[in-house]
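Quick look at run_10.cif (mmCIF, C-alpha atoms):
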data_query
loop_
_atom_site.group_PDB
_atom_site.id
_atom_site.type_symbol
_atom_site.label_atom_id
_atom_site.label_comp_id
_atom_site.auth_asym_id
_atom_site.auth_seq_id
_atom_site.Cartn_x
_atom_site.Cartn_y
_atom_site.Cartn_z
ATOM 1 C CA MET P 1095 -14.182 20.499 25.055
ATOM 2 C CA LEU P 1096 -10.772 19.758 23.548
ATOM 3 C CA PHE P 1097 -9.977 16.061 23.227
ATOM 4 C CA LEU P 1098 -6.443 15.363 24.415
ATOM 5 C CA PRO P 1099 -5.212 11.769 24.170
ATOM 6 C CA GLU P 1100 -2.413 10.452 26.358
ATOM 7 C CA VAL P 1101 0.921 10.317 24.490
ATOM 8 C CA ALA P 1102 4.025 8.474 25.682
ATOM 9 C CA GLU P 1103 7.268 7.605 23.926
ATOM 10 C CA LEU P 1104 7.789 3.870 23.491
ATOM 11 C CA THR P 1105 11.166 2.297 22.688
ATOM 12 C CA PHE P 1106 11.746 -1.295 21.624
ATOM 13 C CA ARG P 1107 14.456 -3.369 19.997
ATOM 14 C CA HIS P 1108 14.674 -5.370 16.802
ATOM 15 C CA GLY P 1109 18.023 -6.997 16.131
ATOM 16 C CA ASP P 1110 20.683 -4.312 16.544
ATOM 17 C CA ASP P 1111 18.194 -1.484 16.019
ATOM 18 C CA THR P 1112 16.521 0.638 18.665
ATOM 19 C CA LEU P 1113 13.126 1.822 17.428
ATOM 20 C CA VAL P 1114 11.345 4.811 18.936
ATOM 21 C CA GLY P 1115 7.725 5.745 18.533
ATOM 22 C CA ASP P 1116 4.634 7.314 20.050
ATOM 23 C CA LEU P 1117 2.085 5.300 21.977
ATOM 24 C CA VAL P 1118 -1.181 7.237 21.878
ATOM 25 C CA ARG P 1119 -4.176 6.115 23.932
ATOM 26 C CA PRO P 1120 -7.517 7.426 25.181
ATOM 27 C CA PRO P 1121 -7.453 9.649 28.294
ATOM 28 C CA TRP P 1122 -9.716 7.231 30.190
ATOM 29 C CA PRO P 1123 -8.682 3.968 31.896
ATOM 30 C CA GLY P 1124 -7.984 0.888 29.780
ATOM 31 C CA PRO P 1125 -7.264 -1.714 28.790
ATOM 32 C CA TYR P 1126 -7.899 -0.915 25.117
ATOM 33 C CA PRO P 1127 -7.643 -2.737 21.798
ATOM 34 C CA ALA P 1128 -4.619 -1.464 19.903
ATOM 35 C CA VAL P 1129 -3.130 -0.815 16.484
ATOM 36 C CA VAL P 1130 0.441 -0.875 15.190
ATOM 37 C CA PHE P 1131 1.022 1.254 12.098
ATOM 38 C CA VAL P 1132 3.149 -0.339 9.380
ATOM 39 C CA GLU P 1133 4.675 2.443 7.307
ATOM 40 C CA GLY P 1134 4.972 2.447 3.525
ATOM 41 C CA SER P 1135 8.120 3.043 1.463
ATOM 42 C CA GLY P 1136 10.894 5.469 2.330
ATOM 43 C CA PRO P 1137 11.829 6.988 5.684
ATOM 44 C CA GLY P 1138 9.421 8.136 8.384
ATOM 45 C CA GLY P 1139 6.635 6.301 10.146
ATOM 46 C CA ARG P 1140 6.159 8.137 13.413
ATOM 47 C CA ASP P 1141 4.047 11.004 12.077
ATOM 48 C CA GLN P 1142 0.607 9.628 11.211
ATOM 49 C CA ARG P 1143 -0.978 13.086 11.289
ATOM 50 C CA ASP P 1144 -4.384 12.833 12.959
ATOM 51 C CA TRP P 1145 -4.755 9.049 12.655
ATOM 52 C CA GLN P 1146 -3.659 8.298 16.194
ATOM 53 C CA THR P 1147 -5.836 11.000 17.746
ATOM 54 C CA ARG P 1148 -8.862 9.771 15.809
ATOM 55 C CA LEU P 1149 -8.245 6.201 16.950
ATOM 56 C CA ALA P 1150 -7.791 7.302 20.564
ATOM 57 C CA ALA P 1151 -11.137 9.122 20.405
ATOM 58 C CA ALA P 1152 -12.676 5.839 19.217
ATOM 59 C CA GLY P 1153 -11.187 3.896 22.140
ATOM 60 C CA PHE P 1154 -7.988 2.467 20.629
ATOM 61 C CA ALA P 1155 -4.370 2.695 21.652
ATOM 62 C CA SER P 1156 -1.921 2.928 18.754
ATOM 63 C CA LEU P 1157 1.808 2.814 18.123
ATOM 64 C CA ALA P 1158 3.572 4.581 15.264
ATOM 65 C CA TYR P 1159 7.371 4.482 15.230
ATOM 66 C CA ASP P 1160 10.286 5.833 13.250
ATOM 67 C CA LYS P 1161 11.655 3.338 10.730
ATOM 68 C CA PRO P 1162 15.336 2.378 11.139
ATOM 69 C CA GLY P 1163 17.525 5.392 10.426
ATOM 70 C CA SER P 1164 14.571 7.785 10.604
ATOM 71 C CA GLY P 1165 13.878 10.258 13.391
ATOM 72 C CA ALA P 1166 15.065 8.854 16.726
ATOM 73 C CA SER P 1167 15.463 5.233 15.542
ATOM 74 C CA THR P 1168 18.833 3.663 14.822
ATOM 75 C CA GLY P 1169 19.629 1.440 11.835
ATOM 76 C CA ASP P 1170 19.056 1.779 8.107
ATOM 77 C CA TRP P 1171 15.751 0.951 6.436
ATOM 78 C CA THR P 1172 17.441 0.674 3.015
ATOM 79 C CA ARG P 1173 19.259 -2.447 4.244
ATOM 80 C CA GLN P 1174 16.049 -4.226 5.181
ATOM 81 C CA THR P 1175 14.143 -6.918 3.350
ATOM 82 C CA LEU P 1176 10.383 -7.179 3.684
ATOM 83 C CA THR P 1177 10.955 -10.150 5.989
ATOM 84 C CA ASP P 1178 13.116 -7.865 8.149
ATOM 85 C CA ARG P 1179 10.301 -5.339 8.178
ATOM 86 C CA ALA P 1180 7.803 -8.039 9.168
ATOM 87 C CA GLY P 1181 10.034 -9.116 12.052
ATOM 88 C CA GLU P 1182 10.348 -5.516 13.169
ATOM 89 C CA THR P 1183 6.564 -5.150 13.029
ATOM 90 C CA LEU P 1184 6.135 -8.181 15.262
ATOM 91 C CA ALA P 1185 8.673 -6.701 17.685
ATOM 92 C CA ALA P 1186 6.479 -3.586 17.832
ATOM 93 C CA VAL P 1187 3.417 -5.771 18.462
ATOM 94 C CA GLY P 1188 5.285 -7.581 21.229
ATOM 95 C CA ALA P 1189 6.249 -4.292 22.869
ATOM 96 C CA LEU P 1190 2.658 -3.069 22.716
ATOM 97 C CA ARG P 1191 1.208 -6.300 24.122
ATOM 98 C CA THR P 1192 3.298 -5.952 27.278
ATOM 99 C CA ARG P 1193 1.674 -2.636 28.187
ATOM 100 C CA ALA P 1194 -0.843 -2.937 31.014
ATOM 101 C CA GLN P 1195 -3.312 -0.620 29.251
ATOM 102 C CA VAL P 1196 -3.403 -2.745 26.059
ATOM 103 C CA LEU P 1197 -5.513 -5.858 25.492
ATOM 104 C CA PRO P 1198 -2.805 -8.336 24.412
ATOM 105 C CA HIS P 1199 -5.180 -10.483 22.353
ATOM 106 C CA ALA P 1200 -6.580 -7.471 20.468
ATOM 107 C CA VAL P 1201 -3.707 -5.895 18.511
ATOM 108 C CA ALA P 1202 -4.227 -5.161 14.804
ATOM 109 C CA LEU P 1203 -1.873 -4.000 12.068
ATOM 110 C CA VAL P 1204 -2.658 -1.074 9.777
ATOM 111 C CA GLY P 1205 -0.328 -1.170 6.786
ATOM 112 C CA GLY P 1206 -0.243 1.605 4.218
ATOM 113 C CA SER P 1207 1.099 1.213 0.670
ATOM 114 C CA GLN P 1208 4.290 -0.915 0.994
ATOM 115 C CA GLY P 1209 3.069 -1.644 4.517
ATOM 116 C CA GLY P 1210 0.272 -3.534 2.782
ATOM 117 C CA TRP P 1211 2.887 -6.132 1.823
ATOM 118 C CA VAL P 1212 4.528 -6.126 5.261
ATOM 119 C CA ALA P 1213 1.430 -6.363 7.491
ATOM 120 C CA PRO P 1214 0.048 -9.610 5.969
ATOM 121 C CA LEU P 1215 3.551 -11.087 5.981
ATOM 122 C CA ALA P 1216 3.950 -10.293 9.697
ATOM 123 C CA ALA P 1217 0.495 -11.700 10.511
ATOM 124 C CA SER P 1218 1.253 -14.894 8.567
ATOM 125 C CA LEU P 1219 4.512 -15.370 10.502
ATOM 126 C CA SER P 1220 2.885 -14.979 13.930
ATOM 127 C CA PRO P 1221 -0.873 -15.643 13.765
ATOM 128 C CA ALA P 1222 -1.285 -15.638 17.550
ATOM 129 C CA ALA P 1223 0.139 -12.119 17.906
ATOM 130 C CA VAL P 1224 -1.931 -10.303 15.267
ATOM 131 C CA ALA P 1225 -5.688 -10.136 15.675
ATOM 132 C CA ALA P 1226 -6.547 -8.352 12.409
ATOM 133 C CA VAL P 1227 -4.977 -6.660 9.382
ATOM 134 C CA VAL P 1228 -6.064 -3.449 7.679
ATOM 135 C CA SER P 1229 -4.322 -2.768 4.372
ATOM 136 C CA VAL P 1230 -4.666 0.748 2.956
ATOM 137 C CA SER P 1231 -3.620 0.998 -0.700
ATOM 138 C CA GLY P 1232 -1.507 -2.110 -0.276
ATOM 139 C CA PRO P 1233 -0.697 -3.848 -3.582
ATOM 140 C CA ALA P 1234 -1.600 -7.517 -3.902
ATOM 141 C CA VAL P 1235 0.845 -7.902 -6.798
ATOM 142 C CA GLY P 1236 4.655 -7.999 -6.752
ATOM 143 C CA LEU P 1237 6.991 -5.030 -6.830
ATOM 144 C CA VAL P 1238 7.904 -4.917 -10.516
ATOM 145 C CA PRO P 1239 4.295 -4.956 -11.827
ATOM 146 C CA GLN P 1240 3.341 -2.447 -9.131
ATOM 147 C CA GLU P 1241 6.200 -0.085 -10.005
ATOM 148 C CA GLU P 1242 5.601 -0.399 -13.748
ATOM 149 C CA TYR P 1243 1.945 0.445 -13.164
ATOM 150 C CA ARG P 1244 2.953 3.453 -11.082
ATOM 151 C CA LEU P 1245 5.316 4.784 -13.742
ATOM 152 C CA ARG P 1246 2.723 4.303 -16.497
ATOM 153 C CA HIS P 1247 0.128 6.259 -14.538
ATOM 154 C CA GLN P 1248 1.941 8.648 -12.193
ATOM 155 C CA LEU P 1249 4.293 10.091 -14.806
ATOM 156 C CA PRO P 1250 1.563 11.030 -17.328
ATOM 157 C CA ALA P 1251 -0.486 12.491 -14.455
ATOM 158 C CA ALA P 1252 2.531 14.691 -13.687
ATOM 159 C CA GLY P 1253 2.719 15.828 -17.309
ATOM 160 C CA PHE P 1254 5.449 13.554 -18.666
ATOM 161 C CA SER P 1255 5.415 11.941 -22.109
ATOM 162 C CA ASP P 1256 5.079 8.344 -23.255
ATOM 163 C CA ASP P 1257 8.800 8.405 -24.121
ATOM 164 C CA ASP P 1258 9.583 9.445 -20.554
ATOM 165 C CA VAL P 1259 7.494 6.551 -19.246
ATOM 166 C CA ARG P 1260 9.280 4.069 -21.513
ATOM 167 C CA GLN P 1261 12.715 5.289 -20.445
ATOM 168 C CA ALA P 1262 11.809 5.262 -16.742
ATOM 169 C CA THR P 1263 10.527 1.702 -17.087
ATOM 170 C CA VAL P 1264 13.774 0.658 -18.780
ATOM 171 C CA LEU P 1265 15.772 2.117 -15.886
ATOM 172 C CA LEU P 1266 13.585 0.339 -13.332
ATOM 173 C CA ARG P 1267 14.030 -3.041 -15.006
ATOM 174 C CA GLU P 1268 17.757 -2.460 -15.428
ATOM 175 C CA GLN P 1269 18.185 -1.625 -11.748
ATOM 176 C CA VAL P 1270 16.409 -4.768 -10.607
ATOM 177 C CA HIS P 1271 18.047 -7.064 -13.177
ATOM 178 C CA ARG P 1272 21.623 -5.872 -12.639
ATOM 179 C CA VAL P 1273 21.545 -5.934 -8.831
ATOM 180 C CA ARG P 1274 19.894 -9.360 -8.877
ATOM 181 C CA ALA P 1275 22.740 -10.504 -11.156
ATOM 182 C CA GLY P 1276 25.291 -9.364 -8.588
ATOM 183 C CA ASP P 1277 26.219 -5.841 -9.691
ATOM 184 C CA ASP P 1278 26.951 -3.249 -7.038
ATOM 185 C CA PRO P 1279 24.031 -0.774 -6.735
ATOM 186 C CA ALA P 1280 26.577 2.078 -6.836
ATOM 187 C CA ASP P 1281 27.767 0.894 -10.264
ATOM 188 C CA VAL P 1282 24.182 0.654 -11.494
ATOM 189 C CA HIS P 1283 23.500 4.179 -10.259
ATOM 190 C CA THR P 1284 26.623 5.501 -11.996
ATOM 191 C CA ALA P 1285 25.702 3.726 -15.248
ATOM 192 C CA GLN P 1286 22.415 5.628 -15.288
ATOM 193 C CA ALA P 1287 24.064 9.017 -14.648
ATOM 194 C CA SER P 1288 22.970 10.469 -17.993
ATOM 195 C CA TRP P 1289 19.381 10.335 -16.744
ATOM 196 C CA HIS P 1290 19.939 11.769 -13.267
ATOM 197 C CA ASP P 1291 18.985 15.285 -14.360
ATOM 198 C CA ALA P 1292 15.843 14.211 -16.207
ATOM 199 C CA PRO P 1293 12.808 15.971 -14.662
ATOM 200 C CA TRP P 1294 11.057 12.620 -14.141
ATOM 201 C CA TYR P 1295 14.054 10.881 -12.525
ATOM 202 C CA PRO P 1296 13.087 11.786 -8.922
ATOM 203 C CA LEU P 1297 9.852 9.837 -9.427
ATOM 204 C CA LEU P 1298 11.770 6.565 -9.733
ATOM 205 C CA ALA P 1299 11.811 4.403 -6.612
ATOM 206 C CA GLY P 1300 15.567 3.867 -6.961
ATOM 207 C CA THR P 1301 17.455 7.170 -7.268
ATOM 208 C CA SER P 1302 20.555 6.429 -5.158
ATOM 209 C CA PRO P 1303 22.752 3.372 -4.576
ATOM 210 C CA ALA P 1304 20.977 2.740 -1.269
ATOM 211 C CA THR P 1305 17.440 2.914 -2.663
ATOM 212 C CA ILE P 1306 18.373 0.942 -5.787
ATOM 213 C CA GLY P 1307 19.768 -1.783 -3.519
ATOM 214 C CA PHE P 1308 16.637 -1.770 -1.376
ATOM 215 C CA LEU P 1309 14.362 -1.882 -4.432
ATOM 216 C CA ALA P 1310 16.194 -4.841 -5.967
ATOM 217 C CA GLY P 1311 16.308 -6.554 -2.586
ATOM 218 C CA ILE P 1312 12.520 -6.662 -2.287
ATOM 219 C CA ALA P 1313 11.779 -7.230 -5.974
ATOM 220 C CA ASP P 1314 11.347 -10.990 -5.527
ATOM 221 C CA HIS P 1315 8.612 -10.612 -2.913
ATOM 222 C CA ASP P 1316 5.439 -12.492 -3.824
ATOM 223 C CA PRO P 1317 2.511 -11.371 -1.638
ATOM 224 C CA GLU P 1318 0.422 -14.457 -2.397
ATOM 225 C CA PRO P 1319 1.897 -16.968 0.110
ATOM 226 C CA ALA P 1320 1.440 -14.577 3.041
ATOM 227 C CA LEU P 1321 -2.098 -13.670 1.979
ATOM 228 C CA ALA P 1322 -2.979 -17.335 1.511
ATOM 229 C CA ALA P 1323 -1.695 -18.131 5.006
ATOM 230 C CA LEU P 1324 -3.781 -15.461 6.755
ATOM 231 C CA ARG P 1325 -6.440 -16.609 9.186
ATOM 232 C CA CYS P 1326 -7.174 -13.322 10.975
ATOM 233 C CA PRO P 1327 -9.795 -10.855 9.651
ATOM 234 C CA VAL P 1328 -8.608 -8.686 6.750
ATOM 235 C CA LEU P 1329 -9.858 -5.304 5.544
ATOM 236 C CA ALA P 1330 -8.334 -4.044 2.275
ATOM 237 C CA ILE P 1331 -9.073 -0.447 1.254
ATOM 238 C CA PHE P 1332 -8.253 1.195 -2.068
ATOM 239 C CA GLY P 1333 -8.891 4.460 -3.886
ATOM 240 C CA ALA P 1334 -10.361 4.066 -7.363
ATOM 241 C CA ASP P 1335 -8.145 6.868 -8.743
ATOM 242 C CA ASP P 1336 -4.874 5.559 -7.258
ATOM 243 C CA VAL P 1337 -2.041 6.066 -9.770
ATOM 244 C CA GLN P 1338 0.529 4.191 -7.678
ATOM 245 C CA VAL P 1339 -1.079 0.796 -7.102
ATOM 246 C CA PRO P 1340 -2.944 -1.367 -9.666
ATOM 247 C CA VAL P 1341 -6.273 -1.373 -7.850
ATOM 248 C CA GLU P 1342 -8.255 -3.639 -10.193
ATOM 249 C CA ALA P 1343 -5.469 -6.227 -10.363
ATOM 250 C CA SER P 1344 -5.021 -6.094 -6.570
ATOM 251 C CA VAL P 1345 -8.741 -6.548 -5.910
ATOM 252 C CA ARG P 1346 -8.858 -9.531 -8.265
ATOM 253 C CA ALA P 1347 -5.802 -11.067 -6.610
ATOM 254 C CA LEU P 1348 -7.207 -10.609 -3.102
ATOM 255 C CA GLU P 1349 -10.545 -12.138 -3.995
ATOM 256 C CA ARG P 1350 -8.850 -15.037 -5.773
ATOM 257 C CA ILE P 1351 -6.326 -15.760 -3.022
ATOM 258 C CA LEU P 1352 -8.500 -15.233 0.058
ATOM 259 C CA GLY P 1353 -11.558 -16.735 -1.570
ATOM 260 C CA GLY P 1354 -9.526 -19.700 -2.743
ATOM 261 C CA THR P 1355 -8.333 -20.507 0.769
ATOM 262 C CA GLY P 1356 -11.811 -20.210 2.236
ATOM 263 C CA HIS P 1357 -10.770 -17.214 4.343
ATOM 264 C CA ALA P 1358 -13.699 -16.570 6.640
ATOM 265 C CA ASP P 1359 -13.574 -12.789 7.142
ATOM 266 C CA HIS P 1360 -12.186 -10.515 4.466
ATOM 267 C CA THR P 1361 -13.601 -7.262 3.130
ATOM 268 C CA VAL P 1362 -12.383 -5.276 0.121
ATOM 269 C CA VAL P 1363 -13.565 -1.675 -0.250
ATOM 270 C CA VAL P 1364 -12.789 0.711 -3.116
ATOM 271 C CA PHE P 1365 -13.581 4.375 -2.497
ATOM 272 C CA PRO P 1366 -14.695 6.169 -5.683
ATOM 273 C CA ASP P 1367 -12.665 9.201 -6.797
ATOM 274 C CA ALA P 1368 -10.074 8.586 -4.031
ATOM 275 C CA ASP P 1369 -6.297 8.643 -4.519
ATOM 276 C CA HIS P 1370 -3.469 6.586 -3.011
ATOM 277 C CA GLY P 1371 -3.975 8.249 0.370
ATOM 278 C CA ILE P 1372 -7.752 7.585 0.174
ATOM 279 C CA ARG P 1373 -8.336 11.302 -0.274
ATOM 280 C CA VAL P 1374 -10.797 13.032 -2.552
ATOM 281 C CA ARG P 1375 -9.603 16.465 -3.673
ATOM 282 C CA GLY P 1376 -7.207 16.618 -0.730
ATOM 283 C CA THR P 1377 -9.691 15.541 1.951
ATOM 284 C CA ARG P 1378 -10.038 12.096 3.491
ATOM 285 C CA ALA P 1379 -12.733 10.157 1.606
ATOM 286 C CA PRO P 1380 -16.141 10.378 3.307
ATOM 287 C CA GLY P 1381 -16.793 7.262 5.362
ATOM 288 C CA PHE P 1382 -13.162 6.139 5.555
ATOM 289 C CA ASP P 1383 -12.668 6.769 9.281
ATOM 290 C CA GLU P 1384 -16.052 5.279 10.138
ATOM 291 C CA LEU P 1385 -15.291 2.162 8.113
ATOM 292 C CA VAL P 1386 -11.924 1.505 9.768
ATOM 293 C CA VAL P 1387 -13.113 2.217 13.309
ATOM 294 C CA THR P 1388 -16.331 0.206 13.001
ATOM 295 C CA TRP P 1389 -14.553 -2.731 11.362
ATOM 296 C CA LEU P 1390 -11.830 -2.772 14.042
ATOM 297 C CA HIS P 1391 -14.317 -2.522 16.892
ATOM 298 C CA ARG P 1392 -16.167 -5.577 15.633
ATOM 299 C CA ARG P 1393 -12.971 -7.643 15.299
ATOM 300 C CA LEU P 1394 -11.095 -6.518 18.420
ATOM 301 C CA ARG P 1395 -13.697 -6.976 21.116
#

Structure encoded using structure tokens:
Amino acid sequence: MLFLPEVAELTFRHGDDTLVGDLVRPPWPGPYPAVVFVEGSGPGGRDQRDWQTRLAAAGFASLAYDKPGSGASTGDWTRQTLTDRAGETLAAVGALRTRAQVLPHAVALVGGSQGGWVAPLAASLSPAAVAAVVSVSGPAVGLVPQEEYRLRHQLPAAGFSDDDVRQATVLLREQVHRVRAGDDPADVHTAQASWHDAPWYPLLAGTSPATIGFLAGIADHDPEPALAALRCPVLAIFGADDVQVPVEASVRALERILGGTGHADHTVVVFPDADHGIRVRGTRAPGFDELVVTWLHRRLR
């Protein structure tokens, strides 16, 4: 028998933006616990591949929506701060909690990559609205150390030299420093024009005035205060072979911060041989789905 979840478009507002997404739920009567997906960096957000179908089969409703300026949503994600993104996430939670088929006290956030900064921040700003946080490959360090780690590991993995890594790191630091000092991101982009044709240049996070401005705008984010303020259950998942996020440093930071505050329910899991998407040789790591579903069921009763 083919499993077919119920899918409905859901629209909500945040500030001047109209956000549009897909609400996916089981084909049997609710109400259900629910999940809001918090997208990582760049455009997108609505297409979570088979995640929403898998959650619906396990008894969860879920909402994934286009980020501002992506798909059917209005706005511009490059003009957002992480605090803006957290507010938008809470607007999505609020929209989901009003649905009759959703248990309003049982809505969790699943944040991937950059969403692993945003989800804890949103939960810390509105503890009553968020019942649990799942962070998937979410760094527990700030942007600059995370991006420097990524360049030092992702570029060599793609075949680039140590000199390429050093130059890319210089450009990253220059982008952040100059925009913080008040320079126009367009001027910073133009000043780096001699490197625009370098084969490794597309792997930088800031490759246009808009993305350079966004990068510098979130560079001051410190994840520690939000993590320290969390009271809801937290599940943090990493892949041991992630070349984008400093896994060991993030695990240490999570254990130090959450352990130091006496946080009552946090779990950190590192999947061996898994990459940033928690995939092993292109396939989702064995046990990943079972872990997330089982953990959520126990926290969202």

10 Å contact set for P:Trp1122, only C-alpha atoms, chain neighbours under 3 positions out, as JSON, numbers by chain: {"P": [1099, 1100, 1119, 1125, 1126, 1150, 1153]}

Counting only C-alpha atoms, the option among P:Gly1163, P:Ala1213, P:Asp1256, P:Gly1381 closest to P:Ala1226: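 That would be P:Ala1213, the residue with the smallest distance to P:Ala1226.
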
Non-local contacts of P:Ala1225 (8 Å; only C-alpha atoms; under 6 positions in same chain excluded) as a list in words: His1199, Ala1200, Val1201, Ala1202, Cys1326, Pro1327, Arg1393 and Leu1394 of chain P

Minimum-distance residue to P:Pro1319, chosen among P:Gly1136, P:His1108, P:Ala1152, P:Trp1211 (using all atoms listed in the file): P:Trp1211

Between atom CA of P:Asp1367 and atom CA of P:Ala1334, distance in Å (one decimal):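 So the two atoms, atom CA of P:Asp1367 and atom CA of P:Ala1334, lie 5.7 Å apart.
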
Non-local contacts of P:Val1337 (10 Å; only C-alpha atoms; under 5 positions in same chain excluded) as a VMD selection string: chain P and resid 1243 to 1251 1369 to 1370

What does the file look like for those residues with C-alpha atoms, as a PDB file, in the coordinates of the input?
ATOM      1  CA  TYR P1243       1.945   0.445 -13.164  1.00  0.00           C
ATOM      2  CA  ARG P1244       2.953   3.453 -11.082  1.00  0.00           C
ATOM      3  CA  LEU P1245       5.316   4.784 -13.742  1.00  0.00           C
ATOM      4  CA  ARG P1246       2.723   4.303 -16.497  1.00  0.00           C
ATOM      5  CA  HIS P1247       0.128   6.259 -14.538  1.00  0.00           C
ATOM      6  CA  GLN P1248       1.941   8.648 -12.193  1.00  0.00           C
ATOM      7  CA  LEU P1249       4.293  10.091 -14.806  1.00  0.00           C
ATOM      8  CA  PRO P1250       1.563  11.030 -17.328  1.00  0.00           C
ATOM      9  CA  ALA P1251      -0.486  12.491 -14.455  1.00  0.00           C
ATOM     10  CA  ASP P1369      -6.297   8.643  -4.519  1.00  0.00           C
ATOM     11  CA  HIS P1370      -3.469   6.586  -3.011  1.00  0.00           C
TER      12      HIS P1370
END

Hits from the PyMOL selection byres ((chain P and resi 1389) around 10), listed as a ChimeraX atom specification: /P:1226,1228,1327-1329,1361,1383-1388,1390-1394

From P:Val1224, P:Ala1216, P:Ala1310, P:Ala1180, residue lying nearest P:Leu1197 [all atoms listed in the file]: P:Val1224

Proximity to P:Leu1096 - best of P:Leu1297, P:Thr1168, P:Phe1131, P:Thr1147, all atoms listed in the file: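 Once distances to P:Leu1096 are computed over all atoms listed in the file, the minimum belongs to P:Thr1147.
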
Residue nearest P:Ser1167 among P:Pro1120, P:Gly1206, P:Pro1380, P:Gly1115 (counting only C-alpha atoms):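 Among the listed residues, P:Gly1115 lies closest to P:Ser1167.
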